[in-house]
file query_18.csv (CSV, N, CA and C atoms and all ligand atoms)
chain,number,residue,atom,x,y,z
Y,20,MET,N,13.0,-38.5,15.0
Y,20,MET,CA,13.2,-38.3,16.4
Y,20,MET,C,11.8,-38.4,17.1
Y,21,SER,N,11.6,-39.3,17.9
Y,21,SER,CA,10.4,-39.4,18.6
Y,21,SER,C,10.6,-39.2,20.1
Y,22,SER,N,9.6,-38.6,20.7
Y,22,SER,CA,9.7,-38.4,22.2
Y,22,SER,C,8.5,-39.0,22.9
Y,23,ASN,N,8.7,-39.3,24.1
Y,23,ASN,CA,7.6,-39.8,24.9
Y,23,ASN,C,7.0,-38.7,25.8
Y,24,ILE,N,7.1,-37.4,25.3
Y,24,ILE,CA,6.6,-36.3,26.0
Y,24,ILE,C,5.2,-36.1,25.5
Y,25,TYR,N,4.2,-35.9,26.4
Y,25,TYR,CA,2.9,-35.5,26.0
Y,25,TYR,C,2.4,-34.4,26.9
Y,26,ILE,N,2.3,-33.2,26.3
Y,26,ILE,CA,1.9,-32.0,27.1
Y,26,ILE,C,0.7,-31.5,26.5
Y,27,GLU,N,-0.3,-31.3,27.3
Y,27,GLU,CA,-1.6,-30.6,26.7
Y,27,GLU,C,-1.3,-29.1,26.7
Y,28,ARG,N,-1.5,-28.6,25.5
Y,28,ARG,CA,-1.3,-27.1,25.3
Y,28,ARG,C,-2.5,-26.5,24.6
Y,29,VAL,N,-2.5,-25.2,24.6
Y,29,VAL,CA,-3.5,-24.4,23.8
Y,29,VAL,C,-2.7,-23.7,22.7
Y,30,CYS,N,-3.2,-23.9,21.5
Y,30,CYS,CA,-2.6,-23.3,20.3
Y,30,CYS,C,-2.6,-21.8,20.4
Y,31,GLN,N,-1.5,-21.1,20.2
Y,31,GLN,CA,-1.5,-19.6,20.3
Y,31,GLN,C,-2.1,-19.0,19.1
Y,32,CYS,N,-2.4,-19.7,18.1
Y,32,CYS,CA,-3.0,-19.2,16.9
Y,32,CYS,C,-4.6,-19.3,16.9
Y,33,CYS,N,-5.0,-20.6,17.0
Y,33,CYS,CA,-6.5,-20.8,17.0
Y,33,CYS,C,-7.1,-21.1,18.3
Y,34,ASN,N,-6.3,-21.1,19.4
Y,34,ASN,CA,-6.8,-21.3,20.8
Y,34,ASN,C,-7.5,-22.7,21.0
Y,35,SER,N,-7.2,-23.7,20.2
Y,35,SER,CA,-7.7,-25.0,20.4
Y,35,SER,C,-6.7,-25.9,21.2
Y,36,LYS,N,-7.2,-26.8,21.9
Y,36,LYS,CA,-6.3,-27.7,22.7
Y,36,LYS,C,-5.6,-28.7,21.8
Y,37,PHE,N,-4.4,-29.0,22.1
Y,37,PHE,CA,-3.7,-30.1,21.4
Y,37,PHE,C,-2.6,-30.7,22.3
Y,38,ILE,N,-2.1,-31.9,21.8
Y,38,ILE,CA,-1.1,-32.6,22.6
Y,38,ILE,C,0.3,-32.2,21.9
Y,39,ALA,N,1.2,-31.6,22.7
Y,39,ALA,CA,2.5,-31.2,22.2
Y,39,ALA,C,3.4,-32.3,22.5
Y,40,ARG,N,4.3,-32.6,21.5
Y,40,ARG,CA,5.3,-33.6,21.7
Y,40,ARG,C,6.7,-33.0,22.1
Y,41,THR,N,6.8,-31.7,22.1
Y,41,THR,CA,8.1,-31.1,22.6
Y,41,THR,C,7.7,-30.0,23.5
Y,42,THR,N,8.6,-29.6,24.3
Y,42,THR,CA,8.3,-28.5,25.3
Y,42,THR,C,8.2,-27.1,24.7
Y,43,LYS,N,8.7,-27.0,23.4
Y,43,LYS,CA,8.7,-25.7,22.8
Y,43,LYS,C,7.5,-25.5,21.8
Y,44,THR,N,6.7,-26.5,21.6
Y,44,THR,CA,5.6,-26.4,20.6
Y,44,THR,C,4.6,-25.3,21.0
Y,45,LYS,N,4.3,-24.4,20.1
Y,45,LYS,CA,3.3,-23.4,20.4
Y,45,LYS,C,2.0,-23.5,19.6
Y,46,TYR,N,2.1,-24.2,18.5
Y,46,TYR,CA,1.0,-24.3,17.6
Y,46,TYR,C,0.5,-25.7,17.4
Y,47,CYS,N,-0.8,-25.9,17.1
Y,47,CYS,CA,-1.4,-27.2,16.9
Y,47,CYS,C,-1.0,-27.9,15.6
Y,48,SER,N,-0.8,-27.1,14.6
Y,48,SER,CA,-0.6,-27.7,13.3
Y,48,SER,C,0.4,-26.8,12.5
Y,49,ASN,N,0.9,-27.3,11.4
Y,49,ASN,CA,1.8,-26.6,10.5
Y,49,ASN,C,1.0,-25.4,9.9
Y,50,LYS,N,-0.3,-25.5,9.7
Y,50,LYS,CA,-1.1,-24.4,9.2
Y,50,LYS,C,-1.1,-23.2,10.1
Y,51,CYS,N,-1.3,-23.5,11.4
Y,51,CYS,CA,-1.3,-22.5,12.4
Y,51,CYS,C,0.1,-21.8,12.6
Y,52,SER,N,1.1,-22.7,12.5
Y,52,SER,CA,2.5,-22.2,12.6
Y,52,SER,C,2.8,-21.2,11.5
Y,53,SER,N,2.5,-21.6,10.3
Y,53,SER,CA,2.9,-20.7,9.1
Y,53,SER,C,2.0,-19.5,9.2
Y,54,ARG,N,0.8,-19.6,9.6
Y,54,ARG,CA,-0.1,-18.4,9.7
Y,54,ARG,C,0.5,-17.4,10.7
Y,55,ALA,N,0.9,-17.9,11.9
Y,55,ALA,CA,1.5,-17.1,12.9
Y,55,ALA,C,2.8,-16.4,12.4
Y,56,TYR,N,3.6,-17.2,11.7
Y,56,TYR,CA,4.9,-16.7,11.1
Y,56,TYR,C,4.6,-15.6,10.1
Y,57,LYS,N,3.7,-15.8,9.3
Y,57,LYS,CA,3.3,-14.7,8.3
Y,57,LYS,C,2.9,-13.5,9.0
Y,58,HIS,N,2.0,-13.7,10.0
Y,58,HIS,CA,1.5,-12.5,10.8
Y,58,HIS,C,2.6,-11.7,11.4
Y,59,ALA,N,3.6,-12.5,12.0
Y,59,ALA,CA,4.7,-11.8,12.7
Y,59,ALA,C,5.6,-11.1,11.7
Y,60,ALA,N,5.8,-11.7,10.5
Y,60,ALA,CA,6.6,-11.1,9.5
Y,60,ALA,C,6.0,-9.8,9.0
Y,61,ARG,N,4.7,-9.8,8.8
Y,61,ARG,CA,3.9,-8.7,8.3
Y,61,ARG,C,4.0,-7.5,9.4
Y,62,ARG,N,3.9,-7.9,10.6
Y,62,ARG,CA,3.9,-6.9,11.7
Y,62,ARG,C,5.3,-6.3,11.8
Y,63,GLU,N,6.4,-7.1,11.6
Y,63,GLU,CA,7.7,-6.6,11.6
Y,63,GLU,C,8.0,-5.6,10.5
Y,64,LYS,N,7.5,-6.0,9.3
Y,64,LYS,CA,7.6,-5.1,8.1
Y,64,LYS,C,7.0,-3.8,8.3
Y,65,LEU,N,5.7,-3.8,8.9
Y,65,LEU,CA,5.0,-2.6,9.2
Y,65,LEU,C,5.8,-1.7,10.2
Y,66,GLU,N,6.4,-2.3,11.2
Y,66,GLU,CA,7.1,-1.6,12.2
Y,66,GLU,C,8.3,-0.9,11.5
Y,67,ILE,N,9.0,-1.6,10.7
Y,67,ILE,CA,10.2,-1.0,10.0
Y,67,ILE,C,9.7,0.2,9.1
Y,68,ALA,N,8.6,0.0,8.4
Y,68,ALA,CA,8.1,1.1,7.6
Y,68,ALA,C,7.7,2.3,8.4
Y,69,LYS,N,7.1,2.1,9.6
Y,69,LYS,CA,6.8,3.2,10.5
Y,69,LYS,C,8.0,3.9,11.0
Y,70,ILE,N,9.1,3.1,11.3
Y,70,ILE,CA,10.3,3.7,11.8
Y,70,ILE,C,11.0,4.6,10.7
Y,71,GLU,N,11.0,4.0,9.5
Y,71,GLU,CA,11.6,4.7,8.4
Y,71,GLU,C,10.8,6.0,8.1
Y,72,ALA,N,9.5,5.9,8.2
Y,72,ALA,CA,8.7,7.1,7.9
Y,72,ALA,C,9.0,8.2,9.0
Y,73,SER,N,9.2,7.8,10.2
Y,73,SER,CA,9.4,8.7,11.3
Y,73,SER,C,10.8,9.3,11.2
Y,74,ILE,N,11.8,8.6,10.6
Y,74,ILE,CA,13.1,9.1,10.4
Y,74,ILE,C,13.2,10.1,9.3
Y,75,THR,N,12.6,9.7,8.2
Y,75,THR,CA,12.6,10.7,7.0
Y,75,THR,C,11.6,11.8,7.2
Y,76,GLY,N,10.7,11.6,8.1
Y,76,GLY,CA,9.7,12.6,8.4
Y,76,GLY,C,8.6,12.8,7.4
Y,77,LYS,N,8.5,11.8,6.5
Y,77,LYS,CA,7.5,11.9,5.5
Y,77,LYS,C,7.0,10.5,5.1
Y,78,ILE,N,5.7,10.5,4.7
Y,78,ILE,CA,5.1,9.3,4.2
Y,78,ILE,C,5.1,9.5,2.7
Y,79,ARG,N,5.5,8.4,2.0
Y,79,ARG,CA,5.6,8.6,0.5
Y,79,ARG,C,4.3,8.9,-0.1
Y,80,THR,N,4.3,9.9,-0.9
Y,80,THR,CA,3.1,10.3,-1.7
Y,80,THR,C,3.5,10.1,-3.2
Y,81,LYS,N,2.4,9.9,-4.0
Y,81,LYS,CA,2.7,9.6,-5.4
Y,81,LYS,C,3.3,10.8,-6.1
Y,82,VAL,N,2.8,12.0,-5.8
Y,82,VAL,CA,3.2,13.2,-6.5
Y,82,VAL,C,3.8,14.2,-5.5
Y,83,ASN,N,4.9,14.8,-5.9
Y,83,ASN,CA,5.5,15.8,-5.1
Y,83,ASN,C,5.2,17.1,-5.7
Y,84,PHE,N,4.5,18.0,-5.1
Y,84,PHE,CA,4.1,19.2,-5.7
Y,84,PHE,C,5.2,20.1,-6.2
Y,85,PRO,N,6.3,20.3,-5.4
Y,85,PRO,CA,7.4,21.2,-5.9
Y,85,PRO,C,8.0,20.7,-7.2
Y,86,GLU,N,7.9,19.4,-7.5
Y,86,GLU,CA,8.4,18.9,-8.7
Y,86,GLU,C,7.5,19.3,-9.9
Y,87,LEU,N,6.3,19.7,-9.7
Y,87,LEU,CA,5.4,20.1,-10.7
Y,87,LEU,C,5.7,21.5,-11.2
Y,88,VAL,N,6.4,22.3,-10.3
Y,88,VAL,CA,6.7,23.7,-10.7
Y,88,VAL,C,7.5,23.7,-11.9
Y,89,GLY,N,7.1,24.5,-12.9
Y,89,GLY,CA,7.9,24.6,-14.2
Y,89,GLY,C,7.6,23.5,-15.2
Y,90,LYS,N,6.8,22.6,-14.8
Y,90,LYS,CA,6.4,21.5,-15.7
Y,90,LYS,C,5.2,21.9,-16.6
Y,91,GLU,N,5.4,21.9,-17.9
Y,91,GLU,CA,4.3,22.4,-18.7
Y,91,GLU,C,3.2,21.4,-19.0
Y,92,LEU,N,3.7,20.1,-19.2
Y,92,LEU,CA,2.7,19.1,-19.5
Y,92,LEU,C,2.6,18.1,-18.3
Y,93,LEU,N,1.4,17.9,-17.9
Y,93,LEU,CA,1.2,17.0,-16.7
Y,93,LEU,C,0.5,15.7,-17.2
Y,94,THR,N,0.9,14.6,-16.4
Y,94,THR,CA,0.3,13.3,-16.7
Y,94,THR,C,-1.1,13.3,-15.9
Y,95,ILE,N,-1.8,12.2,-16.1
Y,95,ILE,CA,-3.1,12.1,-15.4
Y,95,ILE,C,-2.9,12.1,-13.9
Y,96,THR,N,-1.9,11.4,-13.4
Y,96,THR,CA,-1.6,11.3,-12.0
Y,96,THR,C,-1.3,12.7,-11.4
Y,97,GLU,N,-0.4,13.4,-12.1
Y,97,GLU,CA,0.0,14.7,-11.6
Y,97,GLU,C,-1.1,15.7,-11.7
Y,98,ALA,N,-1.9,15.7,-12.8
Y,98,ALA,CA,-3.0,16.7,-12.9
Y,98,ALA,C,-4.1,16.4,-11.9
Y,99,SER,N,-4.4,15.1,-11.6
Y,99,SER,CA,-5.4,14.7,-10.7
Y,99,SER,C,-5.0,15.1,-9.3
Y,100,ALA,N,-3.7,15.0,-9.0
Y,100,ALA,CA,-3.2,15.4,-7.7
Y,100,ALA,C,-3.3,16.9,-7.5
Y,101,LEU,N,-3.1,17.6,-8.6
Y,101,LEU,CA,-3.2,19.1,-8.6
Y,101,LEU,C,-4.6,19.6,-8.4
Y,102,LEU,N,-5.5,18.9,-9.0
Y,102,LEU,CA,-6.9,19.2,-8.9
Y,102,LEU,C,-7.6,18.6,-7.7
Y,103,ASN,N,-6.9,17.8,-7.0
Y,103,ASN,CA,-7.4,17.1,-5.8
Y,103,ASN,C,-8.6,16.2,-6.1
Y,104,ILE,N,-8.5,15.5,-7.2
Y,104,ILE,CA,-9.5,14.5,-7.6
Y,104,ILE,C,-8.8,13.2,-7.9
Y,105,THR,N,-9.6,12.2,-8.1
Y,105,THR,CA,-9.0,10.9,-8.4
Y,105,THR,C,-8.7,10.8,-9.9
Y,106,HIS,N,-7.8,9.9,-10.3
Y,106,HIS,CA,-7.5,9.8,-11.7
Y,106,HIS,C,-8.7,9.3,-12.5
Y,107,VAL,N,-9.6,8.6,-11.8
Y,107,VAL,CA,-10.8,8.1,-12.5
Y,107,VAL,C,-11.7,9.2,-12.9
Y,108,THR,N,-11.8,10.2,-12.0
Y,108,THR,CA,-12.7,11.4,-12.2
Y,108,THR,C,-12.0,12.2,-13.4
Y,109,LEU,N,-10.7,12.3,-13.3
Y,109,LEU,CA,-10.1,13.1,-14.4
Y,109,LEU,C,-10.2,12.4,-15.7
Y,110,ARG,N,-10.1,11.1,-15.8
Y,110,ARG,CA,-10.3,10.4,-17.1
Y,110,ARG,C,-11.7,10.6,-17.6
Y,111,ARG,N,-12.7,10.6,-16.6
Y,111,ARG,CA,-14.1,10.7,-17.0
Y,111,ARG,C,-14.3,12.1,-17.6
Y,112,TRP,N,-13.7,13.2,-16.9
Y,112,TRP,CA,-13.8,14.5,-17.4
Y,112,TRP,C,-13.2,14.7,-18.8
Y,113,ILE,N,-12.1,14.0,-19.0
Y,113,ILE,CA,-11.4,14.1,-20.4
Y,113,ILE,C,-12.4,13.4,-21.4
Y,114,LYS,N,-12.9,12.3,-21.0
Y,114,LYS,CA,-13.9,11.6,-21.9
Y,114,LYS,C,-15.1,12.4,-22.2
Y,115,GLU,N,-15.6,13.2,-21.2
Y,115,GLU,CA,-16.7,14.1,-21.4
Y,115,GLU,C,-16.3,15.4,-22.0
Y,116,SER,N,-15.1,15.6,-22.4
Y,116,SER,CA,-14.5,16.8,-23.0
Y,116,SER,C,-14.6,18.0,-22.1
Y,117,ARG,N,-14.7,17.8,-20.8
Y,117,ARG,CA,-14.7,18.9,-19.8
Y,117,ARG,C,-13.3,19.4,-19.6
Y,118,ILE,N,-12.3,18.5,-19.9
Y,118,ILE,CA,-10.9,18.9,-19.9
Y,118,ILE,C,-10.3,18.5,-21.2
Y,119,ILE,N,-9.5,19.5,-21.7
Y,119,ILE,CA,-8.8,19.2,-23.0
Y,119,ILE,C,-7.5,18.5,-22.7
Y,120,SER,N,-7.2,17.4,-23.3
Y,120,SER,CA,-5.9,16.8,-23.2
Y,120,SER,C,-5.4,16.3,-24.5
Y,121,SER,N,-4.1,16.2,-24.6
Y,121,SER,CA,-3.5,15.6,-25.8
Y,121,SER,C,-3.1,14.2,-25.5
Y,122,LYS,N,-3.4,13.3,-26.5
Y,122,LYS,CA,-3.1,11.9,-26.3
Y,122,LYS,C,-2.0,11.5,-27.2
Y,123,ILE,N,-0.9,11.1,-26.5
Y,123,ILE,CA,0.3,10.7,-27.3
Y,123,ILE,C,0.4,9.2,-26.9
Y,124,GLY,N,0.2,8.4,-27.9
Y,124,GLY,CA,0.2,6.9,-27.7
Y,124,GLY,C,-0.9,6.6,-26.7
Y,125,LYS,N,-0.6,6.0,-25.6
Y,125,LYS,CA,-1.6,5.7,-24.6
Y,125,LYS,C,-1.7,6.8,-23.5
Y,126,LYS,N,-0.8,7.7,-23.6
Y,126,LYS,CA,-0.6,8.7,-22.5
Y,126,LYS,C,-1.3,10.0,-22.7
Y,127,HIS,N,-2.1,10.4,-21.7
Y,127,HIS,CA,-2.8,11.7,-21.8
Y,127,HIS,C,-1.9,12.8,-21.2
Y,128,LEU,N,-1.7,13.9,-21.9
Y,128,LEU,CA,-0.9,15.0,-21.4
Y,128,LEU,C,-1.8,16.2,-21.3
Y,129,ILE,N,-1.8,16.9,-20.2
Y,129,ILE,CA,-2.6,18.1,-20.0
Y,129,ILE,C,-1.7,19.3,-19.7
Y,130,ARG,N,-2.1,20.4,-20.4
Y,130,ARG,CA,-1.3,21.6,-20.2
Y,130,ARG,C,-1.5,22.2,-18.9
Y,131,ARG,N,-0.4,22.6,-18.2
Y,131,ARG,CA,-0.4,23.2,-16.9
Y,131,ARG,C,-1.2,24.5,-16.9
Y,132,GLU,N,-1.0,25.3,-18.0
Y,132,GLU,CA,-1.6,26.7,-18.1
Y,132,GLU,C,-3.2,26.5,-18.1
Y,133,TYR,N,-3.6,25.4,-18.8
Y,133,TYR,CA,-5.0,25.2,-19.0
Y,133,TYR,C,-5.6,24.8,-17.6
Y,134,LEU,N,-4.9,24.0,-16.8
Y,134,LEU,CA,-5.4,23.7,-15.5
Y,134,LEU,C,-5.4,24.9,-14.6
Y,135,ASP,N,-4.4,25.7,-14.7
Y,135,ASP,CA,-4.3,26.9,-13.8
Y,135,ASP,C,-5.5,27.8,-14.1
Y,136,ALA,N,-5.8,28.0,-15.5
Y,136,ALA,CA,-6.9,28.8,-15.9
Y,136,ALA,C,-8.2,28.2,-15.4
Y,137,LEU,N,-8.3,26.9,-15.5
Y,137,LEU,CA,-9.5,26.2,-15.1
Y,137,LEU,C,-9.8,26.5,-13.6
Y,138,ILE,N,-8.8,26.5,-12.8
Y,138,ILE,CA,-8.9,26.6,-11.3
Y,138,ILE,C,-9.4,28.1,-11.0
Y,139,GLN,N,-8.8,29.0,-11.8
Y,139,GLN,CA,-9.2,30.4,-11.5
Y,139,GLN,C,-10.5,30.8,-12.2
Z,1,ZN,ZN,-4.0,-23.9,15.9
call {"tool": "encode", "arguments": {"input": "query_18.csv", "output": "structure tokens", "more": "lines below"}}
Ligand SMILES: [Zn+2]
result
Amino acid sequence: MSSNIYIERVCQCCNSKFIARTTKTKYCSNKCSSRAYKHAARREKLEIAKIEASITGKIRTKVNFPELVGKELLTITEASALLNITHVTLRRWIKESRIISSKIGKKHLIRREYLDALIQ
């Protein structure tokens, strides 16, 4: 389908001038069009996430503290959240023997009592 319409437009993505062949054209090239589409999709996704967070009243966190109550052995993620340090720091402390952990397979497990004693 070809048209004999020639409209000078400014691309909404890169702000460069181009000749549009339809009245609805917004972007100068396919590249700009897909870029704008991706941007809009991302923005929409973010909006949905924000709305969901406001409905449930919470932003997802990795570790939920009430879940740790009564748990005797903690993973690296849980223990680092409890100590308010990063998992990298905790791994370093374990390597430096500043914290005692049991290694089962590839997983480090740390006693809750030990951490509680360490904090006090
Ligand atoms: Zn453009």
call {"tool": "residues_near_ligand", "arguments": {"input": "query_18.csv", "ligand": "ligand ZN 1 (chain Z)", "cutoff": "5 Å", "atoms": "all atoms listed in the file", "output": "number ranges by chain"}}
result
Y: 30, 32-33, 47-48, 51
call {"tool": "select_by_dssp", "arguments": {"input": "query_18.csv", "residues": "chain Y", "states": "strand (DSSP E or B)", "output": "list of chain:residue names"}}
result
Y:Ile26, Y:Glu27, Y:Arg28, Y:Val29, Y:Lys36, Y:Phe37, Y:Ile38, Y:Ala39, Y:Leu92, Y:Leu93, Y:Ser121, Y:Lys122, Y:Ile123, Y:Lys126, Y:His127, Y:Leu128, Y:Ile129, Y:Arg130
call {"tool": "select_by_dssp", "arguments": {"input": "query_18.csv", "residues": "chain Y", "states": "helix (DSSP H, G or I)", "output": "PyMOL selection string"}}
result
chain Y and resi 49-75+84-87+95-102+106-114+131-138
call {"tool": "atom_distance", "arguments": {"input": "query_18.csv", "atom1": "atom CA of Arg61 of chain Y", "atom2": "atom N of Ile38 of chain Y"}}
result
27.5 Å
call {"tool": "closest_residue", "arguments": {"input": "query_18.csv", "among": "Y:Glu71, Y:Glu115, Y:Glu66, Y:Glu132", "to": "Ala98 of chain Y", "atoms": "only C-alpha atoms"}}
result
Y:Glu132
call {"tool": "atom_distance", "arguments": {"input": "query_18.csv", "atom1": "atom CA of Tyr56 of chain Y", "atom2": "atom CA of Ser73 of chain Y"}}
result
25.8 Å
call {"tool": "closest_residue", "arguments": {"input": "query_18.csv", "among": "Y:Arg40, Y:Asn49, Y:Ile95, Y:Ile70", "to": "Val107 of chain Y", "atoms": "only N, CA and C atoms"}}
result
Y:Ile95
call {"tool": "atom_distance", "arguments": {"input": "query_18.csv", "atom1": "atom CA of Gly89 of chain Y", "atom2": "atom CA of Arg130 of chain Y"}}
result
11.4 Å
